[in-house]
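Below is target.txt, holding compact mmCIF, C-alpha atoms and all ligand atoms.
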```txt
# COMPACT_ATOMS: atom_id res chain seq x y z
CA MET J 21 41.67 10.50 -13.76
CA GLU J 22 42.78 7.74 -11.39
CA ILE J 23 41.15 6.12 -8.43
CA ASP J 24 42.75 7.05 -5.12
CA LYS J 25 45.71 4.97 -4.12
CA LYS J 26 44.22 2.11 -2.14
CA GLU J 27 47.19 1.75 0.18
CA ASN J 28 46.41 5.19 1.65
CA LEU J 29 42.85 4.22 2.53
CA LYS J 30 41.59 2.90 5.81
CA ILE J 31 39.00 0.68 4.19
CA SER J 32 38.74 -3.06 4.62
CA GLN J 33 39.36 -4.98 1.43
CA GLU J 34 35.74 -6.18 1.36
CA PHE J 35 34.42 -2.61 1.00
CA LEU J 36 36.72 -1.55 -1.83
CA PRO J 37 34.33 -2.52 -4.68
CA PHE J 38 31.68 -0.24 -3.13
CA TYR J 39 34.20 2.52 -2.64
CA ASP J 40 35.20 2.25 -6.32
CA PHE J 41 31.60 2.56 -7.46
CA LEU J 42 30.91 5.52 -5.16
CA ASN J 43 34.02 7.23 -6.49
CA TYR J 44 32.94 6.52 -10.06
CA CYS J 45 29.70 8.42 -9.26
CA ARG J 46 31.76 11.29 -7.86
CA PHE J 47 33.87 11.47 -11.03
CA CYS J 48 30.78 11.38 -13.25
CA PHE J 49 29.15 14.26 -11.37
CA LEU J 50 32.35 16.28 -11.64
CA ASP J 51 32.62 15.54 -15.39
CA MET J 52 29.01 16.63 -15.94
CA LEU J 53 29.56 19.87 -14.05
CA GLU J 54 32.77 20.61 -15.96
CA TYR J 55 31.01 19.91 -19.27
CA ALA J 56 28.09 22.16 -18.25
CA ASP J 57 30.55 24.92 -17.49
CA LYS J 58 32.56 24.44 -20.67
CA LYS J 59 29.48 24.30 -22.92
CA HIS J 60 27.56 27.01 -21.04
CA LEU J 61 24.66 24.61 -20.53
CA SER J 62 22.98 26.85 -17.96
CA MET J 63 22.50 29.60 -20.54
CA GLU J 64 19.21 30.10 -22.33
CA ALA J 65 18.98 32.08 -25.58
CA ILE J 66 16.20 34.66 -25.65
CA ASN J 67 14.41 35.52 -28.89
CA TYR J 68 13.19 39.01 -28.05
CA LYS J 69 9.87 40.09 -29.47
CA SER J 70 11.15 43.63 -29.97
CA ASP J 71 14.23 45.83 -29.59
CA ALA J 72 12.48 47.59 -26.71
CA ASP J 73 12.28 44.26 -24.86
CA ARG J 74 15.95 43.57 -25.55
CA MET J 75 16.96 46.95 -24.16
CA ALA J 76 14.70 46.60 -21.13
CA SER J 77 16.18 43.21 -20.30
CA GLU J 78 19.76 44.44 -20.81
CA ASN J 79 19.09 47.31 -18.44
CA ILE J 80 17.83 44.90 -15.80
CA CYS J 81 20.98 42.80 -16.18
CA LYS J 82 23.11 45.91 -15.63
CA ASN J 83 21.06 46.96 -12.61
CA GLN J 84 21.51 43.94 -10.38
CA LYS J 85 18.94 45.08 -7.85
CA GLN J 86 16.16 44.24 -10.28
CA ASN J 87 14.96 40.72 -10.94
CA LEU J 88 15.30 39.47 -14.54
CA ASP J 89 13.22 36.35 -13.82
CA GLN J 90 10.28 38.47 -12.75
CA TRP J 91 10.63 40.72 -15.79
CA LEU J 92 10.64 37.67 -18.10
CA LEU J 93 7.51 36.29 -16.40
CA ASP J 94 5.72 39.63 -16.58
CA ASN J 95 6.57 40.25 -20.23
CA GLY J 96 5.58 37.03 -21.99
CA TYR J 97 8.86 35.12 -21.71
CA LYS J 98 7.69 32.50 -19.21
CA LYS J 99 9.10 29.54 -21.18
CA VAL J 100 12.57 31.12 -21.35
CA ALA J 101 12.47 31.94 -17.64
CA PHE J 102 11.43 28.37 -16.77
CA ASN J 103 14.08 26.75 -18.97
CA PHE J 104 16.78 28.96 -17.57
CA TYR J 105 15.65 28.34 -13.99
CA PHE J 106 15.43 24.58 -14.56
CA LYS J 107 19.01 24.25 -15.80
CA HIS J 108 20.38 26.62 -13.23
CA LEU J 109 18.54 24.79 -10.45
CA PHE J 110 19.58 21.32 -11.59
CA PHE J 111 23.30 22.10 -11.77
CA SER J 112 23.16 24.03 -8.49
CA LEU J 113 21.49 21.07 -6.78
CA LEU J 114 24.11 18.75 -8.23
CA VAL J 115 26.90 20.96 -6.84
CA ASP J 116 25.18 20.98 -3.46
CA PHE J 117 24.81 17.20 -3.52
CA CYS J 118 28.51 16.77 -4.39
CA ASN J 119 29.67 19.11 -1.63
CA TYR J 120 28.25 16.79 1.02
CA TYR J 121 28.59 13.46 -0.78
CA ASN J 122 32.28 13.95 -1.66
CA ALA J 123 33.14 15.07 1.88
CA SER J 124 31.28 12.07 3.29
CA LEU J 125 33.22 9.65 1.06
CA ASP J 126 36.53 11.22 2.05
CA ILE J 127 35.74 11.09 5.75
CA ALA J 128 34.50 7.50 5.50
CA SER J 129 37.70 6.48 3.71
CA ASN J 130 39.66 7.95 6.62
CA GLY J 131 37.75 5.73 9.03
CA ASN J 132 35.50 8.33 10.68
CA ILE J 133 32.32 6.51 9.76
CA TYR J 134 29.82 8.28 12.03
CA VAL J 135 30.73 11.75 10.81
CA ALA J 136 30.59 10.38 7.25
CA TRP J 137 27.04 9.17 7.94
CA SER J 138 25.96 12.50 9.41
CA LEU J 139 26.99 14.31 6.20
CA LEU J 140 24.52 12.23 4.17
CA ARG J 141 21.34 13.68 5.70
CA LYS J 142 21.00 16.75 3.53
CA PRO J 143 22.06 15.27 0.16
CA LEU J 144 19.99 12.08 0.49
CA GLN J 145 16.90 13.47 2.24
CA GLU J 146 16.62 16.92 0.69
CA THR J 147 18.84 17.64 -2.32
CA LEU J 148 18.13 14.33 -4.03
CA ALA J 149 14.40 14.85 -3.38
CA TYR J 150 14.47 18.13 -5.34
CA ILE J 151 16.37 16.45 -8.17
CA GLU J 152 13.64 13.78 -8.21
CA TRP J 153 10.97 16.46 -8.23
CA LEU J 154 12.69 18.20 -11.14
CA TYR J 155 12.76 14.95 -13.09
CA VAL J 156 9.13 14.00 -12.45
CA ASP J 157 7.44 17.41 -12.63
CA LYS J 158 9.77 20.32 -13.19
CA GLU J 159 6.90 22.64 -14.19
CA GLU J 160 5.26 22.17 -10.79
CA LEU J 161 8.45 22.72 -8.77
CA ILE J 162 9.63 25.69 -10.81
CA SER J 163 6.18 27.33 -10.76
CA LEU J 164 6.11 27.06 -6.99
CA MET J 165 9.64 28.39 -6.66
CA MET J 166 9.21 31.29 -9.07
CA GLU J 167 5.64 32.30 -8.48
CA ASN J 168 4.60 31.26 -4.98
CA GLN J 169 5.65 33.52 -2.13
CA ASP J 170 5.06 30.76 0.44
CA VAL J 171 8.30 28.77 0.80
CA SER J 172 6.48 25.95 2.59
CA SER J 173 4.64 25.19 -0.68
CA TYR J 174 7.82 23.60 -2.00
CA GLU J 175 9.59 22.68 1.23
CA ILE J 176 10.05 18.99 0.54
CA MET J 177 10.50 17.93 4.18
CA ASN J 178 7.30 19.76 5.17
CA LYS J 179 4.71 17.19 6.30
CA LYS J 180 2.22 18.31 3.67
CA ASN J 181 4.75 17.66 0.85
CA ARG J 182 6.36 14.47 2.10
CA TRP J 183 3.96 12.21 0.19
CA LYS J 184 5.37 13.68 -3.02
CA ILE J 185 8.79 12.15 -2.34
CA LYS J 186 7.32 8.66 -2.18
CA LYS J 187 5.27 9.26 -5.32
CA HIS J 188 8.30 10.59 -7.23
CA ILE J 189 10.49 7.63 -6.23
CA GLN J 190 7.79 5.20 -7.31
CA MET J 191 7.49 6.95 -10.66
CA ILE J 192 11.26 6.96 -11.22
CA GLN J 193 11.81 3.40 -10.06
CA PRO J 194 8.62 1.35 -9.85
CA SER J 195 9.01 -1.16 -7.00
CA ILE J 196 10.73 -4.32 -8.09
CA SER J 197 10.39 -7.21 -5.67
CA SER J 198 13.94 -8.36 -6.40
CA GLU J 199 15.37 -5.02 -5.23
CA LYS J 200 17.06 -5.64 -1.90
CA MET J 201 16.44 -2.16 -0.56
CA ASN J 202 13.48 0.19 -0.65
CA ILE J 203 14.95 3.60 -1.54
CA TYR J 204 12.17 5.54 0.22
CA ASP J 205 12.21 3.51 3.43
CA PHE J 206 15.98 3.67 3.62
CA ARG J 207 16.00 7.47 3.32
CA TYR J 208 12.94 8.44 5.36
CA SER J 209 11.65 5.67 7.66
CA TYR J 210 11.98 6.05 11.43
CA GLU J 211 10.97 2.47 12.10
CA ASN J 212 14.24 0.64 11.72
CA PRO J 213 17.71 1.32 13.16
CA LEU J 214 19.22 0.13 9.87
CA THR J 215 18.03 3.16 7.90
CA LEU J 216 19.46 6.59 7.27
CA ASN J 217 17.31 8.11 10.05
CA GLY J 218 18.13 5.21 12.34
CA ILE J 219 21.86 5.87 12.01
CA LEU J 220 21.48 9.68 11.94
CA GLN J 221 19.50 9.74 15.17
CA ALA J 222 22.36 7.93 16.82
CA THR J 223 25.18 9.90 15.17
CA ASN J 224 23.59 13.28 15.99
CA HIS J 225 22.21 12.59 19.48
CA LEU J 226 23.68 10.80 22.47
CA ILE J 227 20.23 9.75 23.68
CA THR J 228 17.22 9.10 21.46
CA THR J 229 13.68 8.20 22.49
CA ARG J 230 11.80 7.46 19.26
CA PRO J 231 9.92 4.14 19.61
CA TYR J 232 12.04 2.08 17.23
CA LEU J 233 15.28 3.96 17.80
CA LYS J 234 15.52 4.13 21.59
CA THR J 235 18.92 4.27 23.25
CA SER J 236 19.58 1.12 25.30
CA PRO J 237 19.38 1.49 29.11
CA SER J 238 22.66 2.77 30.62
CA GLY J 239 23.89 3.58 27.12
CA LEU J 240 24.80 6.53 24.94
CA ASN J 241 24.46 6.26 21.16
CA PHE J 242 27.65 5.28 19.34
CA VAL J 243 29.91 6.30 22.24
CA PHE J 244 30.84 2.91 23.70
CA GLU J 245 31.62 1.42 20.32
CA ASN J 246 33.73 -1.62 19.72
CA TYR J 247 35.50 -2.73 16.55
CA ASP J 248 32.63 -5.04 15.52
CA SER J 249 29.93 -2.38 15.63
CA ILE J 250 32.10 0.17 13.81
CA HIS J 251 32.87 -2.46 11.18
CA ARG J 252 29.16 -3.31 10.86
CA ASN J 253 28.17 0.35 10.45
CA THR J 254 30.97 0.89 7.94
CA GLY J 255 29.68 -2.05 5.91
CA PHE J 256 26.15 -0.68 6.09
CA TYR J 257 27.43 2.72 4.90
CA TYR J 258 29.11 1.31 1.77
CA THR J 259 26.38 -1.16 0.82
CA SER J 260 23.34 1.04 1.42
CA LEU J 261 24.93 4.13 -0.13
CA SER J 262 25.85 2.10 -3.22
CA TYR J 263 22.20 1.06 -3.65
CA VAL J 264 21.03 4.65 -3.38
CA MET J 265 23.77 5.90 -5.71
CA LYS J 266 22.96 3.27 -8.35
CA TYR J 267 19.51 4.86 -8.42
CA ALA J 268 20.78 8.45 -8.13
CA ILE J 269 23.44 8.26 -10.86
CA GLU J 270 20.91 6.92 -13.36
CA LEU J 271 18.50 9.72 -12.48
CA VAL J 272 21.14 12.45 -12.69
CA MET J 273 22.48 11.07 -15.98
CA LYS J 274 18.98 11.21 -17.51
CA ILE J 275 18.41 14.85 -16.57
CA PHE J 276 21.94 15.81 -17.62
CA ALA J 277 21.59 14.09 -21.02
CA SER J 278 18.30 15.92 -21.65
CA ILE J 279 19.93 19.29 -20.96
CA ALA J 280 23.22 18.56 -22.76
CA LYS J 281 21.35 17.08 -25.75
CA LEU J 282 23.82 14.22 -26.07
CA SER J 283 23.60 11.51 -28.72
CA ASP J 284 21.59 8.36 -28.00
CA TYR J 285 24.80 6.34 -28.24
CA THR J 286 26.62 8.45 -25.61
CA ILE J 287 23.60 8.16 -23.32
CA THR J 288 23.43 4.38 -23.76
CA VAL J 289 27.16 3.83 -23.25
CA ASN J 290 27.11 5.83 -20.01
CA SER J 291 24.00 4.11 -18.74
CA LEU J 292 25.63 0.71 -19.42
CA ASN J 293 28.83 1.82 -17.75
CA ALA J 294 26.96 2.94 -14.61
CA MET J 295 25.07 -0.35 -14.46
CA LEU J 296 28.23 -2.42 -14.94
CA LYS J 297 30.06 -0.46 -12.26
CA ALA J 298 27.12 -0.86 -9.84
CA TYR J 299 26.83 -4.60 -10.53
CA GLN J 300 30.53 -4.95 -9.88
CA ALA J 301 30.16 -3.18 -6.52
CA LEU J 302 27.19 -5.38 -5.62
CA SER J 303 29.22 -8.52 -6.52
CA ILE J 304 26.94 -9.54 -9.38
CA PRO J 305 29.07 -11.85 -11.54
CA TYR J 306 29.91 -10.73 -15.07
CA GLU J 307 27.93 -13.54 -16.75
CA ARG J 308 24.77 -12.51 -14.88
CA ALA J 309 25.36 -8.81 -15.57
CA LYS J 310 25.86 -9.65 -19.24
CA ASN J 311 22.41 -11.26 -19.38
CA LEU J 312 20.72 -8.59 -17.26
CA ILE J 313 21.94 -5.81 -19.56
CA ASP J 314 21.92 -7.88 -22.76
CA LEU J 315 25.46 -6.84 -23.64
CA GLU J 316 25.61 -9.12 -26.70
CA GLN J 317 23.34 -6.67 -28.51
CA MET J 318 25.56 -3.70 -27.77
CA PRO J 319 28.96 -3.35 -29.41
CA ILE J 320 31.27 -0.53 -28.34
CA TYR J 321 32.35 1.39 -31.44
CA CYS J 322 35.87 2.72 -31.20
CA PRO J 323 35.81 6.52 -31.54
CA ALA J 324 39.27 6.43 -33.19
CA CYS J 325 38.83 3.77 -35.91
CA GLY J 326 35.13 2.82 -35.87
CA GLN J 327 35.74 -0.85 -35.05
CA ALA J 328 32.83 -2.62 -33.34
CA ASN J 329 34.08 -4.31 -30.15
CA ASN J 330 31.99 -6.89 -28.30
CA THR J 331 34.10 -9.56 -26.62
CA ASN J 332 33.78 -10.70 -23.01
CA GLU J 333 37.33 -9.53 -22.36
CA MET J 334 36.54 -6.02 -23.66
CA TRP J 335 33.41 -5.80 -21.47
CA ILE J 336 35.17 -7.07 -18.35
CA ASN J 337 37.92 -4.49 -18.81
CA PHE J 338 35.26 -1.87 -19.59
CA ALA J 339 33.40 -2.65 -16.36
CA HIS J 340 36.61 -2.79 -14.36
CA SER J 341 38.47 0.28 -15.55
CA TYR J 342 39.06 0.88 -19.29
CA PHE J 343 37.92 0.30 -22.86
CA GLU J 344 40.50 -0.94 -25.34
CA CYS J 345 39.81 -1.25 -29.07
CA ASN J 346 40.88 -4.66 -30.38
CA LYS J 347 41.91 -3.15 -33.73
CA CYS J 348 43.75 0.14 -33.09
CA HIS J 349 44.23 -0.43 -29.29
CA LYS J 350 42.93 3.00 -28.36
CA LYS J 351 42.34 3.04 -24.61
CA ILE J 352 39.72 5.05 -22.71
CA ASN J 353 39.45 5.25 -18.92
CA THR J 354 35.87 4.24 -18.00
CA PHE J 355 35.95 5.73 -14.49
CA GLN J 356 34.34 8.89 -15.77
CA TYR J 357 31.36 10.21 -17.72
CA LEU J 358 32.23 9.17 -21.27
CA PHE J 359 31.97 11.95 -23.84
CA ASP J 360 34.42 10.16 -26.16
CA PHE J 361 31.65 8.52 -28.19
CA GLU J 362 29.78 11.74 -28.90
CA ASP J 363 31.43 12.37 -32.30
CA ILE J 364 30.86 8.92 -33.80
CA ILE J 365 28.76 9.20 -36.94
CA PHE J 366 26.55 6.20 -37.67
CA ASN J 367 25.53 5.52 -41.25
CA ARG J 368 21.82 4.81 -41.20
ZN ZN S 401 39.99 1.50 -32.73
```
Would you mind writing the file out in structure tokens?
Amino acid sequence: MEIDKKENLKISQEFLPFYDFLNYCRFCFLDMLEYADKKHLSMEAINYKSDADRMASENICKNQKQNLDQWLLDNGYKKVAFNFYFKHLFFSLLVDFCNYYNASLDIASNGNIYVAWSLLRKPLQETLAYIEWLYVDKEELISLMMENQDVSSYEIMNKKNRWKIKKHIQMIQPSISSEKMNIYDFRYSYENPLTLNGILQATNHLITTRPYLKTSPSGLNFVFENYDSIHRNTGFYYTSLSYVMKYAIELVMKIFASIAKLSDYTITVNSLNAMLKAYQALSIPYERAKNLIDLEQMPIYCPACGQANNTNEMWINFAHSYFECNKCHKKINTFQYLFDFEDIIFNR
């Protein structure tokens, strides 16, 4: 899998590191979805309590008008129904997120930055919020979805549920003063033009009247744009989206790893890779990244020959685009979710 040819892109050189990271996230999501498909990760085995139950459930599957979920809930198979629903919901949300996110990246790379922004509303405000909810309290969300007839009970943008989003984000990423951007404020605040809502108000409406986001007198939002303001909003797109995606890719990887039951080493290597790629986008120098992640404690074992690799050169190449074993010279493209290390057997 290769990164798009840069010469075909209408992106200023200064935004390319962000674009690379955002594309890395896209590739990872695609790899996870392909793996889920290949390994049938959405399936859930059912240990029937009796042959009668097995036949009843098979009949329901044949007769598509009837609801298998409801039958499972009514007949003592709640855990199976929940597990199945959880996996199905997670991968469906991830597909939904990708549909908008990928299109937004493509449109941004063609220079149509305001349409690219407008495509981020649903994935960042709604779809990601359900993924967060699944991570923090999947029992609550799935119970509401399966057993509550009132859709507003789990409508995340409903005023009575909005506080949950903030709580979930705080639980996933406790506020760190050194973080340059508050993930919640960026996605939901209406008090600053340099937020998702601030930009969306202006991309979706010619005139806006909210207190902090008022259209200037004699103006229309984003219609009389000059090169400088388009450039500024393009820069804001790449930087702010990279901050959110650094958070989102870690979250998605954690849920995926729990469903796919991957080895601890595969999980660690991918988490390191995502961090290195994000640090690169955010222009954090290698030496600082090395200390932040404590890379010296973490050799990369070659899946072909077992050699432990831990030189600066290997890590810089790893962060940039590939892993190369210093013994057998096996190369692995790191712009993807790495399953290559799954079969390594460690002698304990
Ligand atoms: Zn090797």
Return as number ranges by chain every polymer residue, whether protein, DNA or RNA, with at least one atom no more than 10 Å from an atom of ligand ZN 401 (chain S); count all atoms listed in the file.
J: 320-329, 344-351
Determine, counting all atoms listed in the file, every residue of protein, DNA or RNA that lies within 8 Å of (7.0, 13.8, -5.9) in the file coordinates, then give the result as a PyMOL selection string.
chain J and resi 149+152-153+156-157+183-189
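Across the model, the gap from CA of Glu159 (chain J) to CA of Ser173 (chain J) is 13.9 Å.
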Could you work out how far CA of Ala128 (chain J) lies from CA of Lys30 (chain J), giving the answer in Å with one decimal?
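Going from CA of Lys30 (chain J) over to CA of Ala128 (chain J) covers 8.5 Å.
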Quick check, in Å to one decimal: how far apart do CA of Leu114 (chain J) and CA of Met265 (chain J) lie?
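Spanning CA of Leu114 (chain J) to CA of Met265 (chain J) is a straight-line distance of 13.1 Å.
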Have a look at J:Phe106, J:Phe355, J:Phe366, J:Tyr247 and name the one nearest to Phe47 (chain J); count all atoms listed in the file.
J:Phe355
Closest contacts (region 24-94 of chain J/region 99-102 of chain J, max 8 Å, all atoms listed in the file) as CSV:
```
residue,atom,partner,partner_atom,distance
J:Glu64,CA,J:Val100,CA,6.8
J:Ala65,CA,J:Val100,CA,7.7
J:Ile66,CA,J:Val100,CA,6.6
J:Asp89,CA,J:Ala101,CA,5.9
J:Leu92,CA,J:Ala101,CA,6.0
J:Leu93,CA,J:Ala101,CA,6.7
```
Rank nothing, just name the residue among J:Asn330, J:Ser77, J:Asn202, J:Ser112 nearest to Gln190 (chain J), using only C-alpha atoms.
J:Asn202
Long-range neighbours of region 55-59 of chain J as a PyMOL selection string, 10 Å cut-off, only C-alpha atoms, 2 positions minimum in chain:
chain J and resi 49-53+61-63+107+111+276+279-280+357+359
So which one's closest to Tyr263 (chain J), J:Lys297, J:Lys158, J:Lys69, J:Lys142? Using all atoms listed in the file, please.
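Closest residue, counting all atoms listed in the file: J:Lys297.
For the residues J:Asn119, J:Asn311, J:Thr147, J:Asn246, ranking by smallest atom-to-atom distance to Arg207 (chain J) using only C-alpha atoms places J:Thr147 first.
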List the neighbours of Leu125 (chain J) out to 8 Å using all atoms listed in the file; skip same-chain residues closer than 6 positions along the sequence, and give me the result as JSON, numbers by chain.
{"J": [42, 43, 136]}
Within 6 Å of region 226-237 of chain J, counting only C-alpha atoms, which residues show up once you throw out same-chain ones fewer than 2 positions away? Write them as an NGL selection string, please.
:J and (211 or 213 or 239-241)
Shell of 12 Å around Val289 (chain J), only C-alpha atoms, local chain residues under 2 positions omitted, as a ChimeraX atom specification:
/J:273,277,282-287,291-296,313,315,318-322,335,338-339,343,354,356-362
Among the residues J:Tyr120, J:Phe104, J:Tyr97, J:Tyr134, the one that comes closest to Gln221 (chain J) [using only C-alpha atoms]
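Counting only C-alpha atoms, the residue closest to Gln221 (chain J) is J:Tyr134.
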Which residue gives the smallest distance to Glu54 (chain J) among J:Leu148, J:Tyr155, J:Val115, J:Asn224, with only C-alpha atoms counted?
J:Val115
